[in-house]
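Pasted below: query21.cif, mmCIF, C-alpha atoms.
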data_my_file
#
loop_
_atom_site.group_PDB
_atom_site.id
_atom_site.type_symbol
_atom_site.label_atom_id
_atom_site.label_comp_id
_atom_site.auth_asym_id
_atom_site.auth_seq_id
_atom_site.Cartn_x
_atom_site.Cartn_y
_atom_site.Cartn_z
ATOM 1 C CA MET A 73 -19.276 -7.771 -38.876
ATOM 2 C CA ALA A 74 -19.597 -7.362 -35.086
ATOM 3 C CA GLY A 75 -16.968 -10.032 -34.435
ATOM 4 C CA ASP A 76 -14.603 -8.255 -36.804
ATOM 5 C CA ASP A 77 -15.145 -4.956 -34.949
ATOM 6 C CA LEU A 78 -14.388 -6.576 -31.610
ATOM 7 C CA SER A 79 -11.359 -8.384 -33.055
ATOM 8 C CA ALA A 80 -9.979 -5.136 -34.493
ATOM 9 C CA TYR A 81 -10.552 -3.396 -31.155
ATOM 10 C CA VAL A 82 -8.741 -6.156 -29.237
ATOM 11 C CA ALA A 83 -5.940 -6.249 -31.826
ATOM 12 C CA GLU A 84 -5.368 -2.495 -31.412
ATOM 13 C CA LEU A 85 -5.234 -2.921 -27.638
ATOM 14 C CA GLY A 86 -2.728 -5.738 -28.217
ATOM 15 C CA ARG A 87 -0.403 -3.363 -30.046
ATOM 16 C CA ARG A 88 -0.408 -0.971 -27.107
ATOM 17 C CA LEU A 89 -0.745 -3.010 -23.916
ATOM 18 C CA PRO A 90 0.802 -6.165 -22.438
ATOM 19 C CA ALA A 91 -0.762 -9.461 -23.534
ATOM 20 C CA ARG A 92 -2.037 -10.415 -20.065
ATOM 21 C CA VAL A 93 -3.863 -7.082 -19.760
ATOM 22 C CA VAL A 94 -5.361 -7.431 -23.234
ATOM 23 C CA GLU A 95 -6.508 -10.965 -22.396
ATOM 24 C CA GLU A 96 -8.397 -9.698 -19.346
ATOM 25 C CA LEU A 97 -9.896 -6.811 -21.293
ATOM 26 C CA ALA A 98 -10.931 -9.154 -24.113
ATOM 27 C CA ASP A 99 -12.678 -11.468 -21.632
ATOM 28 C CA GLY A 100 -14.580 -8.554 -20.130
ATOM 29 C CA LEU A 101 -15.424 -7.194 -23.558
ATOM 30 C CA MET A 102 -16.832 -10.555 -24.657
ATOM 31 C CA GLU A 103 -18.889 -10.875 -21.460
ATOM 32 C CA THR A 104 -20.302 -7.401 -22.057
ATOM 33 C CA TYR A 105 -20.992 -8.211 -25.705
ATOM 34 C CA GLU A 106 -22.786 -11.458 -24.761
ATOM 35 C CA ARG A 107 -24.816 -9.667 -22.096
ATOM 36 C CA HIS A 108 -26.035 -7.185 -24.720
ATOM 37 C CA LEU A 109 -26.824 -10.035 -27.130
ATOM 38 C CA SER A 110 -28.857 -11.825 -24.469
ATOM 39 C CA ALA A 111 -30.738 -8.563 -23.841
ATOM 40 C CA GLY A 112 -31.967 -8.766 -27.423
ATOM 41 C CA LEU A 113 -29.609 -6.401 -29.236
ATOM 42 C CA SER A 114 -28.330 -7.262 -32.702
ATOM 43 C CA ALA A 115 -24.722 -8.435 -32.985
ATOM 44 C CA ALA A 116 -23.585 -5.102 -34.447
ATOM 45 C CA CYS A 117 -25.398 -3.063 -31.811
ATOM 46 C CA ALA A 118 -24.138 -5.337 -28.999
ATOM 47 C CA ALA A 119 -20.575 -4.897 -30.251
ATOM 48 C CA ASP A 120 -20.966 -1.121 -30.482
ATOM 49 C CA ARG A 121 -22.377 -0.932 -26.952
ATOM 50 C CA ALA A 122 -19.648 -3.167 -25.519
ATOM 51 C CA VAL A 123 -16.922 -1.022 -27.096
ATOM 52 C CA ALA A 124 -18.674 2.168 -25.950
ATOM 53 C CA GLU A 125 -18.792 0.873 -22.367
ATOM 54 C CA PHE A 126 -15.101 0.026 -22.410
ATOM 55 C CA GLY A 127 -14.054 3.303 -24.028
ATOM 56 C CA ASP A 128 -11.899 3.942 -27.029
ATOM 57 C CA VAL A 129 -8.448 2.410 -27.339
ATOM 58 C CA ASP A 130 -6.672 5.724 -26.743
ATOM 59 C CA GLN A 131 -8.606 6.287 -23.529
ATOM 60 C CA ILE A 132 -7.892 2.788 -22.188
ATOM 61 C CA THR A 133 -4.215 3.011 -23.112
ATOM 62 C CA SER A 134 -3.896 6.408 -21.486
ATOM 63 C CA GLU A 135 -5.400 5.126 -18.220
ATOM 64 C CA PHE A 136 -2.990 2.189 -18.121
ATOM 65 C CA VAL A 137 -0.031 4.464 -18.840
ATOM 66 C CA LEU A 138 -1.047 6.968 -16.161
ATOM 67 C CA GLN A 139 -1.290 4.177 -13.562
ATOM 68 C CA SER A 140 1.802 2.249 -14.697
ATOM 69 C CA ALA A 141 4.485 1.264 -12.218
ATOM 70 C CA GLY A 142 7.160 2.770 -14.459
ATOM 71 C CA ARG A 143 5.543 6.174 -14.578
ATOM 72 C CA ARG A 144 4.886 6.220 -10.819
ATOM 73 C CA THR A 145 8.442 5.103 -10.054
ATOM 74 C CA ALA A 146 9.935 7.711 -12.387
ATOM 75 C CA HIS A 147 7.890 10.424 -10.662
ATOM 76 C CA ALA A 148 9.000 9.262 -7.215
ATOM 77 C CA LEU A 149 12.675 9.092 -8.208
ATOM 78 C CA LEU A 150 12.522 12.550 -9.774
ATOM 79 C CA LYS A 151 10.963 13.970 -6.613
ATOM 80 C CA THR A 152 13.804 12.590 -4.477
ATOM 81 C CA GLY A 153 16.460 14.093 -6.719
ATOM 82 C CA PRO A 154 16.604 17.639 -5.354
ATOM 83 C CA VAL A 155 16.653 16.514 -1.717
ATOM 84 C CA VAL A 156 19.317 13.849 -2.190
ATOM 85 C CA GLY A 157 21.283 16.214 -4.431
ATOM 86 C CA LEU A 158 21.170 18.951 -1.813
ATOM 87 C CA PHE A 159 22.466 16.568 0.873
ATOM 88 C CA TRP A 160 25.301 15.451 -1.387
ATOM 89 C CA GLY A 161 26.135 18.988 -2.471
ATOM 90 C CA VAL A 162 26.466 20.189 1.118
ATOM 91 C CA ALA A 163 28.394 17.047 2.107
ATOM 92 C CA LEU A 164 30.833 17.383 -0.787
ATOM 93 C CA VAL A 165 31.515 21.048 -0.080
ATOM 94 C CA ALA A 166 31.831 20.385 3.661
ATOM 95 C CA THR A 167 34.366 17.599 3.060
ATOM 96 C CA ARG A 168 36.212 19.667 0.433
ATOM 97 C CA ILE A 169 35.724 17.338 -2.525
ATOM 98 C CA TRP A 170 38.248 19.324 -4.561
ATOM 99 C CA ALA A 171 40.943 17.869 -2.306
ATOM 100 C CA TRP A 172 39.839 14.249 -2.753
ATOM 101 C CA PRO A 173 42.101 12.004 -4.852
ATOM 102 C CA VAL A 174 39.559 11.580 -7.665
ATOM 103 C CA PRO A 175 40.631 11.537 -11.328
ATOM 104 C CA ALA A 176 39.391 14.564 -13.264
ATOM 105 C CA ALA A 177 37.620 12.347 -15.817
ATOM 106 C CA ALA A 178 35.532 10.779 -13.050
ATOM 107 C CA ARG A 179 34.589 14.200 -11.671
ATOM 108 C CA PHE A 180 33.435 15.404 -15.061
ATOM 109 C CA ALA A 181 31.610 12.161 -15.947
ATOM 110 C CA ILE A 182 29.167 12.395 -13.036
ATOM 111 C CA GLY A 183 27.374 15.478 -14.416
ATOM 112 C CA PRO A 184 26.582 14.141 -17.905
ATOM 113 C CA VAL A 185 25.594 10.745 -16.504
ATOM 114 C CA LEU A 186 23.262 12.422 -14.015
ATOM 115 C CA LEU A 187 21.709 14.534 -16.792
ATOM 116 C CA LEU A 188 21.165 11.409 -18.915
ATOM 117 C CA VAL A 189 19.524 9.591 -15.987
ATOM 118 C CA VAL A 190 17.260 12.566 -15.243
ATOM 119 C CA ALA A 191 16.290 12.899 -18.917
ATOM 120 C CA THR A 192 15.445 9.185 -19.027
ATOM 121 C CA LEU A 193 13.274 9.463 -15.919
ATOM 122 C CA VAL A 194 11.537 12.596 -17.242
ATOM 123 C CA ARG A 195 10.749 10.747 -20.469
ATOM 124 C CA ALA A 196 9.238 7.827 -18.515
ATOM 125 C CA ALA A 197 7.334 10.106 -16.139
ATOM 126 C CA SER A 198 5.896 12.266 -18.911
ATOM 127 C CA SER A 199 4.529 9.396 -21.007
ATOM 128 C CA ARG A 200 0.796 9.701 -21.526
ATOM 129 C CA ASP A 201 0.029 7.285 -24.333
ATOM 130 C CA ASP A 202 2.886 4.805 -24.650
ATOM 131 C CA LEU A 203 3.189 2.124 -21.988
ATOM 132 C CA ARG A 204 6.514 0.917 -23.403
ATOM 133 C CA ARG A 205 8.054 4.334 -22.794
ATOM 134 C CA THR A 206 7.328 4.040 -19.077
ATOM 135 C CA ARG A 207 9.808 1.137 -19.029
ATOM 136 C CA LEU A 208 12.539 3.751 -19.341
ATOM 137 C CA ALA A 209 12.132 4.076 -15.578
ATOM 138 C CA VAL A 210 14.052 0.786 -15.332
ATOM 139 C CA TYR A 211 17.099 2.352 -16.977
ATOM 140 C CA GLY A 212 16.721 5.564 -15.018
ATOM 141 C CA GLY A 213 16.415 3.588 -11.778
ATOM 142 C CA ILE A 214 19.499 1.529 -12.562
ATOM 143 C CA GLY A 215 21.362 4.718 -13.435
ATOM 144 C CA LEU A 216 20.430 6.294 -10.098
ATOM 145 C CA VAL A 217 21.491 3.154 -8.235
ATOM 146 C CA VAL A 218 24.875 3.279 -9.975
ATOM 147 C CA LEU A 219 25.270 6.984 -9.204
ATOM 148 C CA ASP A 220 24.212 6.549 -5.569
ATOM 149 C CA VAL A 221 26.553 3.591 -5.054
ATOM 150 C CA THR A 222 29.363 5.586 -6.679
ATOM 151 C CA MET A 223 28.750 8.550 -4.394
ATOM 152 C CA ILE A 224 28.471 6.403 -1.267
ATOM 153 C CA SER A 225 31.622 4.404 -1.976
ATOM 154 C CA SER A 226 33.558 7.523 -2.989
ATOM 155 C CA ALA A 227 32.562 9.357 0.171
ATOM 156 C CA LEU A 228 33.337 6.430 2.431
ATOM 157 C CA LEU A 229 36.652 5.606 0.775
ATOM 158 C CA LEU A 230 38.012 9.016 -0.221
ATOM 159 C CA ALA A 231 36.608 11.662 2.117
ATOM 160 C CA PRO A 232 39.171 12.712 4.707
ATOM 161 C CA THR A 233 36.449 12.779 7.383
ATOM 162 C CA ILE A 234 32.878 11.577 7.540
ATOM 163 C CA LEU A 235 30.614 14.384 8.712
ATOM 164 C CA TRP A 236 27.011 14.121 9.886
ATOM 165 C CA ILE A 237 25.830 15.605 6.577
ATOM 166 C CA THR A 238 27.712 12.861 4.741
ATOM 167 C CA GLY A 239 25.857 10.317 6.854
ATOM 168 C CA LEU A 240 22.600 12.008 5.932
ATOM 169 C CA ALA A 241 23.492 11.958 2.222
ATOM 170 C CA VAL A 242 24.506 8.300 2.425
ATOM 171 C CA SER A 243 21.243 7.444 4.207
ATOM 172 C CA ALA A 244 19.161 9.296 1.627
ATOM 173 C CA SER A 245 20.993 7.537 -1.211
ATOM 174 C CA LEU A 246 20.523 4.145 0.440
ATOM 175 C CA LEU A 247 16.782 4.753 0.830
ATOM 176 C CA ARG A 248 16.461 5.814 -2.799
ATOM 177 C CA THR A 249 18.546 2.847 -3.946
ATOM 178 C CA SER A 250 16.378 0.465 -1.956
ATOM 179 C CA PHE A 251 13.209 1.966 -3.445
ATOM 180 C CA ALA A 252 14.593 1.795 -6.991
ATOM 181 C CA ILE A 253 15.700 -1.826 -6.649
ATOM 182 C CA ARG A 254 12.327 -2.876 -5.187
ATOM 183 C CA SER A 255 10.482 -1.040 -7.969
ATOM 184 C CA LEU A 256 12.344 -2.546 -10.935
ATOM 185 C CA PRO A 257 10.582 -5.947 -10.923
ATOM 186 C CA LYS A 258 7.168 -4.236 -10.645
ATOM 187 C CA ILE A 259 7.948 -2.115 -13.697
ATOM 188 C CA LEU A 260 9.093 -5.106 -15.708
ATOM 189 C CA ARG A 261 5.990 -7.115 -14.764
ATOM 190 C CA SER A 262 3.575 -4.308 -15.579
ATOM 191 C CA SER A 263 4.781 -3.429 -19.039
#

As structure tokens:
Amino acid sequence: MAGDDLSAYVAELGRRLPARVVEELADGLMETYERHLSAGLSAACAADRAVAEFGDVDQITSEFVLQSAGRRTAHALLKTGPVVGLFWGVALVATRIWAWPVPAAARFAIGPVLLLVVATLVRAASSRDDLRRTRLAVYGGIGLVVLDVTMISSALLLAPTILWITGLAVSASLLRTSFAIRSLPKILRSS
């Protein structure tokens, strides 16, 4: 019966966490189980103690989700949003964006796309029990990269003059883009 309990525990972890993580946890669980057996506990008691030491599946999953690269990246990208947005807002007003030769459809598309990206990042950042949901940070990060590149290229190609605030907005977008691109492989590896 003890082996079945441990197998069920590991199987439940396998439904919630990446295989490589579950493999490491299973190894540690078996070592703990064997240590309790060698201390003279029955198989059932050794299994119960090993599981108790590791914690329940919800608790373990929650800890992995809270420390996931996707969740951390989503938080960081969301925190940069207001600052980068402020720089761009001031730059666009200062360079009179309403006079730029930009099609109306493109002007109106930026807002809904930005809202979708922010909603995706909020979903990834607010995950507490689903590691897969933190992978949404990949899509949110890609969305921000696309938006930042769009803003940078638009400003550099269409603005009648490049002001210091535009340079600041471009720099902030480039830093955020660099961070997002560097973070994407970490997110994919961790989930």

Query - Option closest in space to Val94 (chain A), from A:Ala148, A:Val217, A:Val82, A:Ala181 [counting only C-alpha atoms] - result: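 Of A:Ala148, A:Val217, A:Val82, A:Ala181, the one nearest Val94 (chain A), counting only C-alpha atoms, is A:Val82.
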
Report task. Could you please determine the separation between CA of Val190 (chain A) and CA of Trp172 (chain A) in Å, to one decimal place? Result ->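 Value for the CA of Val190 (chain A)-CA of Trp172 (chain A) distance: 25.9 Å.
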
Requested in this report: Let me know the residues the PyMOL selection byres ((chain A and resi 97) around 12) catches in the file above, as a VMD selection string.
Outcome: chain A and resid 78 to 79 81 to 86 89 to 96 98 to 104 122 to 123 125 to 127 129 132 to 133 136

Report task. Would you list the contacts of Asp201 (chain A) as an MDAnalysis selection string, taking every protein, DNA or RNA residue within 9 Å and counting all atoms listed in the file, but skipping same-chain residues closer than 4 positions in sequence? Result -> chainID A and resid 88 130:131 133:138 205

**Report entry** Residue IDs satisfying the PyMOL selection byres ((chain A and resi 224-226) around 10), as a PyMOL selection string
**Finding:** chain A and resi 160+172-174+218-223+227-231+238-239+241-243+245-246

Requested in this report: Pick out the closest residue to Leu158 (chain A) from this set: A:Leu186, A:Ala244, A:Leu208, A:Ala119. Count only C-alpha atoms.
Outcome: A:Ala244

Query raised in the report: Mind pulling up the distance from CA of Thr249 (chain A) to CA of Ile234 (chain A)?
Result: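 Going from CA of Ile234 (chain A) over to CA of Thr249 (chain A), I get 20.3 Å.
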